[in-house]
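Structure data (mmCIF, C-alpha atoms and all ligand atoms) from input_39.cif:
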data_start
loop_
_atom_site.label_atom_id
_atom_site.label_comp_id
_atom_site.auth_asym_id
_atom_site.auth_seq_id
_atom_site.Cartn_x
_atom_site.Cartn_y
_atom_site.Cartn_z
CA MET A 619 150.68 130.83 133.82
CA GLY A 620 147.48 132.10 132.26
CA LYS A 621 146.75 131.87 128.58
CA GLN A 622 148.39 134.80 126.88
CA ASN A 623 147.85 136.17 123.50
CA PHE A 624 151.05 135.70 121.57
CA SER A 625 149.47 136.02 118.19
CA ASP A 626 151.44 139.17 117.49
CA GLU A 627 154.62 137.33 118.38
CA ARG A 628 154.34 135.11 115.26
CA ALA A 629 153.07 131.59 114.96
CA SER A 630 152.69 130.42 111.42
CA ARG A 631 156.00 131.90 110.25
CA LEU A 632 159.15 129.86 110.21
CA ILE A 633 161.95 131.13 112.43
CA CYS A 634 164.86 130.41 110.14
CA ASP A 635 163.41 132.71 107.54
CA THR A 636 163.79 135.68 109.85
CA ASN A 637 166.91 134.56 111.64
CA ASN A 638 168.31 137.97 112.34
CA TYR A 639 166.90 138.44 115.82
CA LEU A 640 169.02 140.22 118.38
CA GLN A 641 166.59 138.99 121.01
CA ILE A 642 163.94 136.29 120.86
CA PRO A 643 160.33 137.47 120.60
CA ARG A 644 158.26 137.35 123.79
CA GLY A 645 156.24 134.35 122.62
CA TYR A 646 159.26 132.06 123.03
CA ILE A 647 160.22 133.09 126.55
CA ARG A 648 159.53 130.44 129.20
CA PRO A 649 158.43 131.45 132.69
CA LYS A 650 161.43 131.48 135.08
CA SER A 651 160.65 128.10 136.69
CA GLU A 652 160.57 126.32 133.31
CA ARG A 653 163.83 127.53 131.83
CA PRO A 654 166.64 125.14 130.80
CA LYS A 655 169.20 126.18 133.49
CA LEU A 656 172.04 125.22 131.18
CA ASN A 657 174.75 125.59 133.82
CA GLU A 658 173.21 122.73 135.83
CA VAL A 659 173.40 120.22 132.97
CA ALA A 660 175.73 117.23 133.48
CA LEU A 661 178.33 116.83 130.76
CA SER A 662 180.35 113.93 132.13
CA HIS A 663 178.18 110.81 132.13
CA SER A 664 176.03 109.97 129.22
CA ILE A 665 174.09 107.05 127.78
CA PRO A 666 175.38 103.51 127.01
CA MET A 667 177.06 102.70 123.69
CA VAL A 668 176.18 99.41 122.00
CA ASP A 669 178.30 98.02 119.17
CA LEU A 670 175.91 96.12 116.91
CA SER A 671 178.61 94.36 114.88
CA ASP A 672 178.14 91.18 116.92
CA LEU A 673 174.35 91.14 116.67
CA HIS A 674 174.52 88.41 114.04
CA GLY A 675 177.62 86.70 115.39
CA CYS A 676 178.39 84.38 118.26
CA SER A 677 178.18 87.24 120.79
CA ARG A 678 174.52 88.03 119.99
CA GLN A 679 173.50 87.24 123.55
CA SER A 680 175.95 89.75 124.96
CA VAL A 681 174.61 92.49 122.67
CA ILE A 682 171.06 91.62 123.70
CA ASP A 683 172.06 91.82 127.36
CA GLN A 684 173.51 95.30 126.80
CA ILE A 685 170.33 96.39 125.04
CA ARG A 686 168.19 95.03 127.90
CA ARG A 687 170.20 96.97 130.48
CA ALA A 688 170.09 100.16 128.42
CA CYS A 689 166.32 99.98 127.77
CA LYS A 690 165.60 99.26 131.42
CA GLU A 691 167.92 101.73 133.09
CA ASP A 692 168.39 104.57 130.62
CA GLY A 693 165.66 104.22 128.00
CA PHE A 694 168.40 105.52 125.67
CA PHE A 695 171.53 104.16 124.02
CA GLN A 696 173.78 104.92 121.08
CA VAL A 697 174.62 102.41 118.37
CA VAL A 698 177.63 101.99 116.08
CA ASN A 699 178.23 99.38 113.37
CA HIS A 700 174.51 99.59 112.78
CA GLY A 701 174.52 98.82 109.05
CA VAL A 702 173.48 102.26 107.77
CA GLN A 703 176.20 103.34 105.35
CA GLU A 704 178.31 106.38 106.22
CA LYS A 705 177.82 107.85 102.77
CA VAL A 706 174.03 107.59 103.18
CA ILE A 707 174.23 109.39 106.54
CA LYS A 708 176.45 112.10 105.09
CA SER A 709 174.30 112.72 102.03
CA THR A 710 171.17 112.88 104.21
CA LEU A 711 172.72 115.48 106.51
CA ASP A 712 173.93 117.42 103.44
CA VAL A 713 170.53 117.42 101.76
CA ALA A 714 168.87 118.47 105.05
CA LYS A 715 171.26 121.40 105.33
CA GLU A 716 170.57 122.36 101.73
CA PHE A 717 166.81 122.21 102.36
CA PHE A 718 167.10 124.73 105.18
CA THR A 719 169.25 127.11 103.16
CA MET A 720 166.85 127.22 100.22
CA PRO A 721 164.75 130.37 99.71
CA ALA A 722 162.30 131.02 102.54
CA GLU A 723 159.26 131.09 100.26
CA TYR A 724 159.81 127.49 99.25
CA ARG A 725 159.67 126.17 102.83
CA GLN A 726 156.81 128.50 103.72
CA GLY A 727 154.88 127.02 100.77
CA LEU A 728 155.05 123.59 102.45
CA TYR A 729 153.77 125.01 105.77
CA SER A 730 150.89 123.37 107.63
CA ASP A 731 149.71 123.37 111.26
CA ASP A 732 147.65 120.24 110.71
CA PRO A 733 149.40 117.24 112.35
CA SER A 734 147.40 114.75 110.28
CA ARG A 735 149.05 115.86 107.02
CA PRO A 736 151.60 113.19 105.96
CA VAL A 737 154.09 115.75 104.62
CA ARG A 738 154.43 119.23 106.10
CA MET A 739 156.74 121.98 107.14
CA SER A 740 156.00 123.54 110.49
CA THR A 741 157.50 125.35 113.43
CA SER A 742 157.69 124.99 117.24
CA PHE A 743 155.76 121.77 118.03
CA ASN A 744 152.01 122.32 117.76
CA VAL A 745 151.39 126.05 117.37
CA GLN A 746 147.60 125.67 117.59
CA LYS A 747 147.86 124.31 121.14
CA GLU A 748 150.87 126.03 122.68
CA GLU A 749 151.21 128.92 125.08
CA VAL A 750 154.95 129.31 124.56
CA TYR A 751 156.66 128.49 121.28
CA ASN A 752 159.81 126.45 120.74
CA TRP A 753 162.85 127.63 118.81
CA ARG A 754 162.53 125.02 116.08
CA ASP A 755 161.36 124.64 112.49
CA TYR A 756 160.77 121.18 111.08
CA LEU A 757 159.89 119.22 108.02
CA ARG A 758 158.00 116.08 108.94
CA HIS A 759 156.84 113.27 106.71
CA HIS A 760 155.79 109.65 106.54
CA CYS A 761 158.26 107.22 104.97
CA TYR A 762 156.76 103.74 105.02
CA PRO A 763 155.54 102.20 102.80
CA LEU A 764 157.96 104.36 100.83
CA GLU A 765 156.10 104.20 97.51
CA ASP A 766 152.95 105.56 99.20
CA TYR A 767 154.68 108.77 100.27
CA ILE A 768 157.87 109.50 98.35
CA ASN A 769 156.09 111.38 95.56
CA GLU A 770 154.62 113.78 98.14
CA TRP A 771 158.01 114.66 99.60
CA PRO A 772 159.71 117.96 98.73
CA SER A 773 160.88 118.02 95.14
CA GLU A 774 163.73 120.37 96.07
CA PRO A 775 166.63 119.90 96.65
CA ARG A 776 166.55 117.80 93.48
CA THR A 777 168.23 114.82 95.16
CA TYR A 778 165.97 114.91 98.22
CA ARG A 779 163.73 111.94 97.37
CA GLU A 780 166.52 109.68 96.22
CA VAL A 781 168.86 110.43 99.14
CA VAL A 782 166.26 110.40 101.89
CA GLY A 783 164.48 107.38 100.35
CA LYS A 784 167.69 105.39 100.65
CA TYR A 785 168.21 106.65 104.18
CA CYS A 786 164.71 105.58 105.26
CA THR A 787 165.15 102.12 103.80
CA GLU A 788 168.48 101.57 105.57
CA VAL A 789 167.21 102.95 108.88
CA ARG A 790 164.16 100.68 108.63
CA ALA A 791 166.44 97.65 108.23
CA LEU A 792 168.28 98.76 111.39
CA VAL A 793 164.99 99.16 113.26
CA LEU A 794 163.83 95.68 112.26
CA ASN A 795 167.08 94.25 113.67
CA LEU A 796 166.59 96.26 116.86
CA LEU A 797 162.96 95.14 117.21
CA ALA A 798 164.06 91.49 117.05
CA ALA A 799 166.86 92.07 119.56
CA ILE A 800 164.57 94.01 121.90
CA SER A 801 161.89 91.29 121.68
CA GLU A 802 164.50 88.70 122.66
CA SER A 803 165.81 90.94 125.42
CA LEU A 804 162.32 90.81 126.95
CA GLY A 805 162.23 87.00 126.69
CA LEU A 806 159.72 87.20 123.82
CA GLU A 807 159.83 85.52 120.41
CA PRO A 808 162.13 87.47 118.02
CA ASP A 809 159.20 88.49 115.81
CA PHE A 810 156.96 89.58 118.69
CA LEU A 811 157.35 93.37 118.29
CA ASN A 812 157.36 93.15 114.51
CA LYS A 813 153.96 91.48 114.65
CA ALA A 814 152.62 93.78 117.37
CA LEU A 815 153.04 96.82 115.09
CA GLY A 816 150.49 95.69 112.53
CA LYS A 817 151.45 96.99 109.08
CA HIS A 818 154.08 99.28 110.67
CA GLY A 819 154.59 102.99 110.21
CA GLN A 820 157.71 105.13 109.86
CA HIS A 821 157.84 108.90 110.13
CA MET A 822 160.80 111.21 110.11
CA ALA A 823 161.58 114.81 110.81
CA LEU A 824 164.29 117.20 109.78
CA ASN A 825 164.62 119.42 112.83
CA TYR A 826 166.21 122.81 112.34
CA TYR A 827 167.13 124.78 115.45
CA PRO A 828 168.30 128.20 114.30
CA ARG A 829 171.02 130.04 116.16
CA CYS A 830 169.27 131.60 119.13
CA PRO A 831 170.19 134.89 120.80
CA ASN A 832 168.82 133.78 124.22
CA PRO A 833 169.32 130.02 124.72
CA GLU A 834 168.68 130.31 128.48
CA LEU A 835 165.12 131.53 127.97
CA THR A 836 163.69 128.96 125.58
CA PHE A 837 163.84 125.40 124.23
CA GLY A 838 164.29 123.76 120.87
CA LEU A 839 161.98 121.12 122.30
CA PRO A 840 160.94 121.06 125.97
CA GLY A 841 161.07 117.82 128.00
CA HIS A 842 158.91 115.13 126.42
CA THR A 843 158.69 111.42 125.69
CA ASP A 844 158.24 110.12 122.15
CA PRO A 845 154.80 108.63 121.40
CA ASN A 846 156.06 105.98 118.96
CA VAL A 847 157.77 102.59 119.56
CA LEU A 848 161.41 103.38 118.92
CA THR A 849 163.21 106.55 117.84
CA VAL A 850 166.49 106.49 115.91
CA LEU A 851 168.05 109.94 116.03
CA LEU A 852 170.81 111.23 113.82
CA GLN A 853 172.45 114.24 115.43
CA GLY A 854 174.52 116.42 113.15
CA ASN A 855 177.71 117.75 114.68
CA VAL A 856 176.16 120.30 117.04
CA SER A 857 175.11 119.24 120.54
CA GLY A 858 171.68 119.97 122.00
CA LEU A 859 170.05 116.67 123.00
CA GLN A 860 169.67 116.17 126.74
CA VAL A 861 168.26 113.18 128.61
CA PHE A 862 166.76 113.21 132.10
CA LYS A 863 168.65 110.72 134.26
CA ASN A 864 168.77 110.34 138.05
CA GLY A 865 167.03 113.64 138.58
CA GLN A 866 169.40 115.55 136.32
CA TRP A 867 169.61 116.66 132.70
CA CYS A 868 172.54 115.03 130.90
CA ALA A 869 173.91 116.18 127.55
CA VAL A 870 174.33 113.55 124.82
CA GLU A 871 177.20 114.76 122.68
CA PRO A 872 177.02 113.86 118.98
CA ILE A 873 179.27 111.01 117.83
CA PRO A 874 179.87 110.98 114.07
CA ASN A 875 178.00 108.16 112.31
CA ALA A 876 176.38 106.89 115.51
CA PHE A 877 172.63 106.89 116.13
CA VAL A 878 170.88 107.63 119.40
CA VAL A 879 168.12 105.08 119.98
CA ASN A 880 165.36 105.61 122.51
CA VAL A 881 162.41 103.70 123.89
CA GLY A 882 159.11 105.34 122.97
CA ASP A 883 155.78 105.22 124.80
CA GLN A 884 154.55 102.20 122.80
CA LEU A 885 157.54 100.11 123.88
CA GLN A 886 156.89 101.09 127.48
CA VAL A 887 153.32 99.78 127.09
CA LEU A 888 154.22 96.63 125.11
CA SER A 889 156.88 95.76 127.71
CA ASN A 890 154.33 96.41 130.47
CA GLY A 891 156.50 99.11 131.98
CA ILE A 892 159.73 97.09 132.07
CA TYR A 893 161.33 99.42 129.52
CA LYS A 894 161.06 103.16 130.05
CA SER A 895 160.16 105.92 127.65
CA VAL A 896 162.46 108.54 129.15
CA ILE A 897 162.04 112.32 129.09
CA HIS A 898 164.44 114.20 126.86
CA ARG A 899 164.68 117.68 125.37
CA ALA A 900 166.61 119.75 122.85
CA VAL A 901 168.29 123.00 123.85
CA VAL A 902 169.55 125.68 121.49
CA ASN A 903 172.71 127.74 121.35
CA SER A 904 173.81 131.21 120.36
CA THR A 905 176.63 130.28 118.02
CA GLU A 906 175.34 127.95 115.35
CA ALA A 907 172.23 126.37 113.87
CA ARG A 908 171.65 122.69 114.66
CA ILE A 909 170.08 119.99 112.53
CA SER A 910 168.84 116.66 113.91
CA ILE A 911 167.01 113.92 112.05
CA PRO A 912 164.81 111.62 114.11
CA THR A 913 163.12 108.55 112.63
CA PHE A 914 159.97 107.69 114.55
CA TYR A 915 159.16 104.04 114.06
CA CYS A 916 155.56 103.29 114.98
CA PRO A 917 152.67 100.85 114.77
CA SER A 918 150.19 101.35 111.93
CA PRO A 919 147.16 103.37 113.09
CA ASP A 920 144.95 100.26 113.24
CA ALA A 921 147.38 98.21 115.35
CA VAL A 922 145.98 97.26 118.74
CA ILE A 923 148.52 97.93 121.45
CA GLU A 924 148.54 96.32 124.90
CA PRO A 925 151.13 94.85 127.26
CA ALA A 926 152.65 91.61 125.89
CA ALA A 927 150.77 88.70 127.51
CA PRO A 928 153.93 86.90 128.75
CA LEU A 929 154.97 90.09 130.58
CA VAL A 930 151.68 90.37 132.47
CA THR A 931 152.15 88.43 135.68
CA LYS A 932 150.85 88.32 139.21
CA ASP A 933 153.79 90.46 140.33
CA ASN A 934 153.47 92.82 137.41
CA PRO A 935 149.79 93.07 136.42
CA ALA A 936 148.83 94.90 133.23
CA GLN A 937 149.75 98.56 133.67
CA TYR A 938 148.07 99.81 130.50
CA ARG A 939 144.77 99.25 128.81
CA LYS A 940 144.26 98.11 125.24
CA TYR A 941 143.92 100.82 122.57
CA THR A 942 144.62 101.45 118.91
CA TYR A 943 147.68 103.45 117.97
CA ALA A 944 145.36 105.89 116.14
CA GLU A 945 143.73 106.68 119.50
CA TYR A 946 147.07 107.23 121.21
CA TYR A 947 148.48 109.34 118.43
CA GLN A 948 145.42 111.57 118.31
CA ASN A 949 145.73 112.13 122.05
CA PHE A 950 149.44 113.02 121.65
CA TRP A 951 148.81 115.70 119.02
CA SER A 952 145.78 117.13 120.77
CA LYS A 953 147.95 119.20 123.12
CA GLY A 954 151.26 120.99 123.44
CA LEU A 955 154.44 119.00 124.00
CA GLU A 956 154.84 118.74 127.74
CA ALA A 957 156.74 116.68 130.29
CA LYS A 958 153.58 114.89 131.39
CA SER A 959 153.47 112.21 128.72
CA CYS A 960 150.12 111.03 127.42
CA LEU A 961 150.94 107.53 128.74
CA LYS A 962 149.09 108.39 131.92
CA CYS A 963 145.81 108.54 129.98
CA PHE A 964 146.20 104.87 129.10
CA THR A 965 147.13 103.36 132.46
CA VAL A 966 145.16 100.84 134.45
CA ASP A 967 144.90 101.65 138.14
CA ASN A 968 145.68 98.29 139.72
CA ASN A 969 145.06 99.66 143.20
CA VAL A 970 141.38 100.29 142.62
CA ALA A 971 139.74 97.30 144.29
CA VAL A 972 136.17 98.45 143.95
CA THR A 973 134.60 100.47 141.18
CA GLN A 974 133.96 103.98 142.32
CA THR A 975 131.29 106.20 140.93
CA LYS A 976 132.38 109.72 140.10
CA ASN A 977 129.96 112.45 141.02
C1 LIG B 1001 162.32 114.74 118.84
C2 LIG B 1001 163.54 114.93 119.67
C3 LIG B 1001 165.81 115.68 119.86
C4 LIG B 1001 166.84 116.44 119.09
O1 LIG B 1001 162.32 115.23 117.69
O2 LIG B 1001 161.38 114.10 119.35
O3 LIG B 1001 163.51 114.55 120.81
O4 LIG B 1001 167.99 116.40 119.50
N1 LIG B 1001 164.61 115.52 119.11
O5 LIG B 1001 166.48 117.08 118.11
NI NI B 1002 161.85 113.25 121.20
#

Rewritten as structure tokens:
Amino acid sequence: MGKQNFSDERASRLICDTNNYLQIPRGYIRPKSERPKLNEVALSHSIPMVDLSDLHGCSRQSVIDQIRRACKEDGFFQVVNHGVQEKVIKSTLDVAKEFFTMPAEYRQGLYSDDPSRPVRMSTSFNVQKEEVYNWRDYLRHHCYPLEDYINEWPSEPRTYREVVGKYCTEVRALVLNLLAAISESLGLEPDFLNKALGKHGQHMALNYYPRCPNPELTFGLPGHTDPNVLTVLLQGNVSGLQVFKNGQWCAVEPIPNAFVVNVGDQLQVLSNGIYKSVIHRAVVNSTEARISIPTFYCPSPDAVIEPAAPLVTKDNPAQYRKYTYAEYYQNFWSKGLEAKSCLKCFTVDNNVAVTQTKN
């Protein structure tokens, strides 16, 4: 599809502020071959469920085995008994809902298209780079170290900073437990991934997918992989997340108080391709708005990422080159969100025996 001029079809305006469409504007309509085909989505089999209550008990090894299988085969799993308090989850979902029902001018005042801003409200994915927009508004901000960012967060709703600050701290504790378990599941020292992430980074988004009059023509988010290490997603009570598995899109129905965890691109690299950063997407629906809250746990920008040395062997030579996370992240935001992940820009071609000169 050629580049079209959708500028008259809105870009820098949030969708939820004009959510009275009878039909979506042209700028959101995907070409026929790229549409979600919702009637072909599998509803029956989903992703593994891991109960983390035994992670610190005598069955730790069994939990680690389940995590290994899930990261290898699905790239996705859900967790329960994860340590994040139910009341913290509930108040975070409540404050997110409140944020998106506040007056439009307030959210529009936080608007920015610049992905390098640590706190911003935006729409679609990357409006500067896209040909077709996505049916999503989002608030995105950094969360770690908390004291560096919390004062930049929205000041309304009044409880936002307190509630979401607590949420971030509890989710981070969960992630640190998962990083240790995942390190062990790869046969690495428990602190391997923790150390590989440098000073660490944590970002989160409040995704708002307004009710959509034509869910078959557009996406909330098209198929993509996450650029970070590990994503911990809180789905509200409306479904929309779909994971690509065995050549088919599979719906992941929300389970109250569970989190969906997925392998991001950095974990695929650090594990030298043993764990997979799997393509997923969010679809929208015509009956109700959906909120989801992903936490993107990541290396600090200066962290140097490369396959873990013990996982580079004669049978599995290094599949990725060394780079800083800043370099990767810049590459990720330099284009629209698309199924071709930016991982391919960082691969090593092990089949090239002789250096070839390009002409
Ligand atoms: C994301 C994402 C899925 C969802 O924000 O990267 O994949 O269900 N979200 O909102
Ligand atoms: Ni994602």

Enumerate, in order of chain and increasing residue number, the residues of chain A with an atom no farther than 9 Å from ligand LIG 1001 (chain B), each with its shortest atom pair and distance in Å to one decimal, counting only C-alpha atoms and all ligand atoms, as CSV.
residue,atom,partner,partner_atom,distance
A:Met822,CA,B:LIG1001,O1,8.7
A:Ala823,CA,B:LIG1001,O1,6.9
A:Leu824,CA,B:LIG1001,O1,8.4
A:Asn825,CA,B:LIG1001,O5,6.1
A:Tyr826,CA,B:LIG1001,O5,8.1
A:Tyr827,CA,B:LIG1001,O5,8.2
A:Gly838,CA,B:LIG1001,O5,7.6
A:Leu839,CA,B:LIG1001,C2,6.9
A:Pro840,CA,B:LIG1001,O3,8.7
A:Gly841,CA,B:LIG1001,O3,8.3
A:His842,CA,B:LIG1001,O3,7.3
A:Thr843,CA,B:LIG1001,O2,7.4
A:Asp844,CA,B:LIG1001,O2,5.8
A:Pro845,CA,B:LIG1001,O2,8.8
A:Thr849,CA,B:LIG1001,O2,7.9
A:Leu851,CA,B:LIG1001,N1,7.2
A:Leu852,CA,B:LIG1001,O4,8.2
A:Gln853,CA,B:LIG1001,O4,6.4
A:Ser857,CA,B:LIG1001,O4,7.7
A:Gly858,CA,B:LIG1001,O4,5.7
A:Leu859,CA,B:LIG1001,O4,4.1
A:Gln860,CA,B:LIG1001,O4,7.4
A:Val870,CA,B:LIG1001,O4,8.8
A:Ile897,CA,B:LIG1001,O3,8.7
A:His898,CA,B:LIG1001,O3,6.1
A:Arg899,CA,B:LIG1001,O3,5.7
A:Ala900,CA,B:LIG1001,O4,4.9
A:Val901,CA,B:LIG1001,O4,7.9
A:Arg908,CA,B:LIG1001,O5,8.4
A:Ile909,CA,B:LIG1001,O5,7.3
A:Ser910,CA,B:LIG1001,O5,4.8
A:Ile911,CA,B:LIG1001,O5,6.9
A:Pro912,CA,B:LIG1001,O1,5.7
A:Thr913,CA,B:LIG1001,O1,8.4
A:Phe914,CA,B:LIG1001,O2,8.1

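Separating atom CA of Arg678 of chain A from atom CA of Asn699 of chain A is a distance of 13.7 Å.
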
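Here atom CA of Pro935 of chain A is placed at a distance of 8.2 Å from atom CA of Asn890 of chain A.
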
Do you know which residues are at most 12 Å from Glu906 of chain A counting all atoms listed in the file, after dropping those on the same chain fewer than 6 positions away, and could you put them as a count of residues only? 14

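Omitting segment 730-738 of chain A and its sequence neighbours fewer than 2 positions away, and counting only C-alpha atoms, the residues within 6 Å are A:Leu728, A:Ser740, A:Leu757, A:Arg758, A:His759, A:His760.
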
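Nearest residue to Gln886 of chain A among A:Ala798, A:Val966, A:Val697, A:Leu961 is A:Leu961, counting all atoms listed in the file.
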
From the list A:Leu835, A:Val668, A:Leu661, A:Val781, which residue is nearest Arg644 of chain A when using only C-alpha atoms? A:Leu835

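In this structure, atom CA of Val659 of chain A sits 18.5 Å away from atom CA of Gly693 of chain A.
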